[in-house]
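This is target-v5.cif (mmCIF, C-alpha atoms).
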```cif
data_start
loop_
_atom_site.label_atom_id
_atom_site.label_comp_id
_atom_site.auth_asym_id
_atom_site.auth_seq_id
_atom_site.Cartn_x
_atom_site.Cartn_y
_atom_site.Cartn_z
CA MET A 1 -2.36 -30.14 -37.37
CA GLY A 2 -3.51 -28.82 -34.00
CA ALA A 3 -1.36 -26.61 -31.84
CA HIS A 4 0.04 -28.27 -28.76
CA VAL A 5 -1.03 -26.45 -25.62
CA HIS A 6 0.94 -26.77 -22.40
CA LYS A 7 -1.00 -27.20 -19.20
CA GLY A 8 -1.82 -23.73 -17.86
CA GLU A 9 -0.79 -22.00 -21.09
CA ASP A 10 -2.72 -18.81 -21.71
CA ARG A 11 -4.61 -18.39 -24.96
CA SER A 12 -6.04 -15.32 -26.62
CA ASP A 13 -9.70 -15.19 -27.65
CA SER A 14 -8.69 -16.48 -31.08
CA GLY A 15 -7.34 -19.69 -29.55
CA ILE A 16 -3.77 -18.84 -30.47
CA PRO A 17 -1.30 -19.25 -27.60
CA ASP A 18 -0.40 -15.87 -26.14
CA PRO A 19 3.23 -14.96 -26.83
CA ASP A 20 3.67 -13.56 -23.29
CA PRO A 21 2.03 -15.98 -20.84
CA GLU A 22 4.43 -14.85 -18.10
CA TYR A 23 3.05 -11.31 -18.27
CA LEU A 24 -0.54 -12.54 -18.28
CA SER A 25 0.26 -14.64 -15.23
CA LEU A 26 1.91 -11.62 -13.57
CA GLU A 27 -1.15 -9.47 -14.31
CA ARG A 28 -3.48 -12.13 -12.89
CA GLU A 29 -1.48 -12.54 -9.67
CA LEU A 30 -1.02 -8.79 -9.16
CA THR A 31 -4.76 -8.24 -9.65
CA PHE A 32 -5.49 -10.86 -7.01
CA LEU A 33 -2.85 -9.44 -4.65
CA LEU A 34 -4.13 -5.87 -5.05
CA ARG A 35 -7.72 -6.94 -4.44
CA ARG A 36 -6.63 -8.61 -1.19
CA ALA A 37 -4.48 -5.61 -0.25
CA ARG A 38 -7.44 -3.24 -0.66
CA ALA A 39 -9.58 -5.43 1.59
CA ASN A 40 -6.77 -5.68 4.16
CA GLN A 41 -6.21 -1.92 4.08
CA GLY A 42 -9.87 -1.40 4.92
CA GLU A 43 -9.57 -3.78 7.87
CA MET A 44 -6.41 -2.05 9.10
CA ALA A 45 -8.01 1.37 8.77
CA ARG A 46 -10.94 0.24 10.93
CA GLU A 47 -8.50 -1.18 13.48
CA VAL A 48 -6.79 2.22 13.74
CA HIS A 49 -10.17 3.92 14.17
CA PRO A 50 -13.68 2.67 13.31
CA ASP A 51 -14.42 5.86 11.35
CA LEU A 52 -11.16 5.90 9.38
CA GLU A 53 -11.47 5.63 5.59
CA SER A 54 -9.41 2.96 3.92
CA ALA A 55 -7.54 5.45 1.72
CA ALA A 56 -6.57 7.58 4.71
CA TYR A 57 -4.71 4.66 6.30
CA GLY A 58 -2.00 4.98 3.63
CA LEU A 59 -1.56 8.64 4.55
CA LEU A 60 -1.00 7.76 8.18
CA VAL A 61 1.59 5.12 7.28
CA ARG A 62 3.38 7.55 4.96
CA LEU A 63 3.52 10.24 7.64
CA ASP A 64 4.58 7.71 10.27
CA GLU A 65 7.46 6.51 8.10
CA TYR A 66 8.64 9.81 6.59
CA GLY A 67 7.59 12.43 9.12
CA ARG A 68 5.74 15.65 8.58
CA GLN A 69 5.05 16.75 5.04
CA ARG A 70 3.05 19.26 3.06
CA ALA A 71 -0.37 18.23 1.85
CA THR A 72 0.79 18.76 -1.73
CA GLU A 73 3.60 16.20 -1.23
CA LEU A 74 1.14 13.71 0.20
CA ALA A 75 -1.31 14.27 -2.65
CA ALA A 76 1.44 13.69 -5.21
CA TYR A 77 2.60 10.52 -3.44
CA ILE A 78 -0.91 9.07 -3.13
CA GLY A 79 -1.93 10.31 -6.57
CA VAL A 80 -5.02 12.32 -5.64
CA GLY A 81 -6.12 15.89 -6.15
CA LYS A 82 -5.95 18.76 -3.70
CA ALA A 83 -9.66 18.58 -2.80
CA THR A 84 -9.51 14.84 -2.03
CA MET A 85 -6.37 15.31 0.04
CA SER A 86 -7.90 18.19 1.99
CA ARG A 87 -10.99 16.09 2.77
CA GLN A 88 -8.92 13.09 3.94
CA LEU A 89 -6.64 15.25 6.07
CA ARG A 90 -9.60 17.06 7.62
CA ALA A 91 -11.13 13.68 8.56
CA LEU A 92 -7.83 12.47 10.06
CA GLU A 93 -7.50 15.70 12.01
CA GLU A 94 -11.05 15.39 13.37
CA LEU A 95 -10.21 11.88 14.57
CA GLY A 96 -7.15 13.24 16.39
CA LEU A 97 -4.73 11.16 14.31
CA ILE A 98 -2.88 14.03 12.62
CA ALA A 99 -2.14 17.68 13.37
CA ARG A 100 -1.36 20.57 11.04
CA GLU A 101 1.06 23.40 11.67
CA PRO A 102 2.21 26.33 9.55
CA ASP A 103 5.25 25.60 7.40
CA PRO A 104 8.06 27.86 8.73
CA ALA A 105 9.57 27.93 5.23
CA ASP A 106 6.33 29.16 3.63
CA GLY A 107 3.65 30.84 5.74
CA ARG A 108 0.97 30.00 3.16
CA ALA A 109 1.56 26.25 3.42
CA TRP A 110 0.85 23.74 6.18
CA LEU A 111 2.83 20.76 7.41
CA VAL A 112 0.96 17.63 8.44
CA ASP A 113 2.21 15.10 10.99
CA VAL A 114 0.89 12.12 12.91
CA THR A 115 -0.11 12.81 16.51
CA ASP A 116 1.23 10.66 19.34
CA GLU A 117 -2.14 8.90 19.46
CA GLY A 118 -2.08 8.33 15.70
CA ARG A 119 1.45 6.97 15.90
CA ARG A 120 0.49 4.59 18.71
CA ARG A 121 -2.53 3.28 16.81
CA VAL A 122 -0.64 2.84 13.53
CA ALA A 123 2.20 1.01 15.30
CA HIS A 124 -0.28 -1.37 16.94
CA VAL A 125 -1.96 -2.22 13.62
CA ARG A 126 1.32 -2.57 11.72
CA GLU A 127 2.73 -4.89 14.38
CA ALA A 128 -0.40 -7.06 14.17
CA ARG A 129 -0.07 -7.16 10.37
CA ARG A 130 3.62 -8.09 10.60
CA ALA A 131 2.73 -10.88 13.01
CA ARG A 132 0.15 -12.18 10.50
CA TYR A 133 2.81 -12.24 7.78
CA VAL A 134 5.16 -14.14 10.06
CA SER A 135 2.42 -16.66 10.82
CA GLN A 136 1.18 -17.03 7.23
CA LEU A 137 4.68 -17.36 5.78
CA SER A 138 6.22 -19.41 8.60
CA HIS A 139 6.76 -22.33 6.21
CA TRP A 140 8.75 -20.12 3.82
CA ASP A 141 12.49 -19.89 4.04
CA ARG A 142 13.49 -16.40 5.25
CA ARG A 143 15.59 -15.99 2.10
CA GLU A 144 12.40 -16.46 0.04
CA VAL A 145 10.66 -13.76 2.09
CA ALA A 146 13.65 -11.45 1.58
CA GLU A 147 13.67 -12.22 -2.16
CA LEU A 148 9.94 -11.49 -2.44
CA ALA A 149 10.44 -8.17 -0.62
CA ARG A 150 13.37 -7.34 -2.92
CA LEU A 151 11.39 -8.14 -6.06
CA LEU A 152 8.36 -6.17 -4.89
CA HIS A 153 10.62 -3.21 -4.09
CA GLN A 154 12.13 -3.47 -7.55
CA LEU A 155 8.66 -3.68 -9.14
CA ASN A 156 7.43 -0.68 -7.14
CA GLY A 157 10.45 1.32 -8.31
CA VAL A 158 9.75 0.51 -11.95
CA MET A 159 6.02 1.24 -11.60
CA GLU A 160 6.77 4.63 -9.98
CA LYS A 161 8.55 5.89 -13.10
#
```
Whole structure given in structure tokens:
Amino acid sequence: MGAHVHKGEDRSDSGIPDPDPEYLSLERELTFLLRRARANQGEMAREVHPDLESAAYGLLVRLDEYGRQRATELAAYIGVGKATMSRQLRALEELGLIAREPDPADGRAWLVDVTDEGRRRVAHVREARRARYVSQLSHWDRREVAELARLLHQLNGVMEK
């Protein structure tokens, strides 16, 4: 008596159908999406500035969206240590994309913000990326795009906890 296997059904190494094929499928698709996202982030970083590290692009976007912040807040958001954050911020500052100023609430701390030039460059790259999404998803119904955005937002909220 052999087990009936549905087309596309995931199996464990033992040949037994996996009890959670939906989660395996989710893991597979997220892995693929994240791999593409990392490659795209590198391209976008180079579009902002040829010497910009891929990881630093996320810092610029965060600062552009939420305004000036302490380095410790940025490090916590990105999930890196103080030394890594200091190195990335120093590189961004040397490229003229961010500026630091003393925090008026705490003279020992610094606030970081995007410069006008950094803001202009980030806006240009983000607009180009948005235009690519519009082009690539032009055959999708706008409600599907909105639903995907809603579900990704919901997933990000769960993953943040």
- Once the PyMOL selection byres ((chain A and resi 65-74) around 10) has been applied to the shown file, what residues remain in the selection, as a PyMOL selection string? chain A and resi 58-64+75-82+85-86+89+98-103+109-114+119
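The two atoms in question, atom CA of A:Gln88 and atom CA of A:Ala105, are spaced 23.7 Å apart.
For the atom pair formed by atom CA of A:Arg28 and atom CA of A:Val158, the distance is 18.3 Å, given to one decimal.
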- Picked residues, the PyMOL selection byres ((chain A and resi 36-49) around 12), expected as a PyMOL selection string: chain A and resi 29-35+50-61+91-92+94-97+117-130+132
Listed atoms of stretch 136-155 of chain A boxed axis-aligned with 5 Å per side, centre + edges as AutoDock Vina command-line options:
```
--center_x 8.4 --center_y -12.8 --center_z -0.3 --size_x 24.4 --size_y 29.1 --size_z 27.7
```
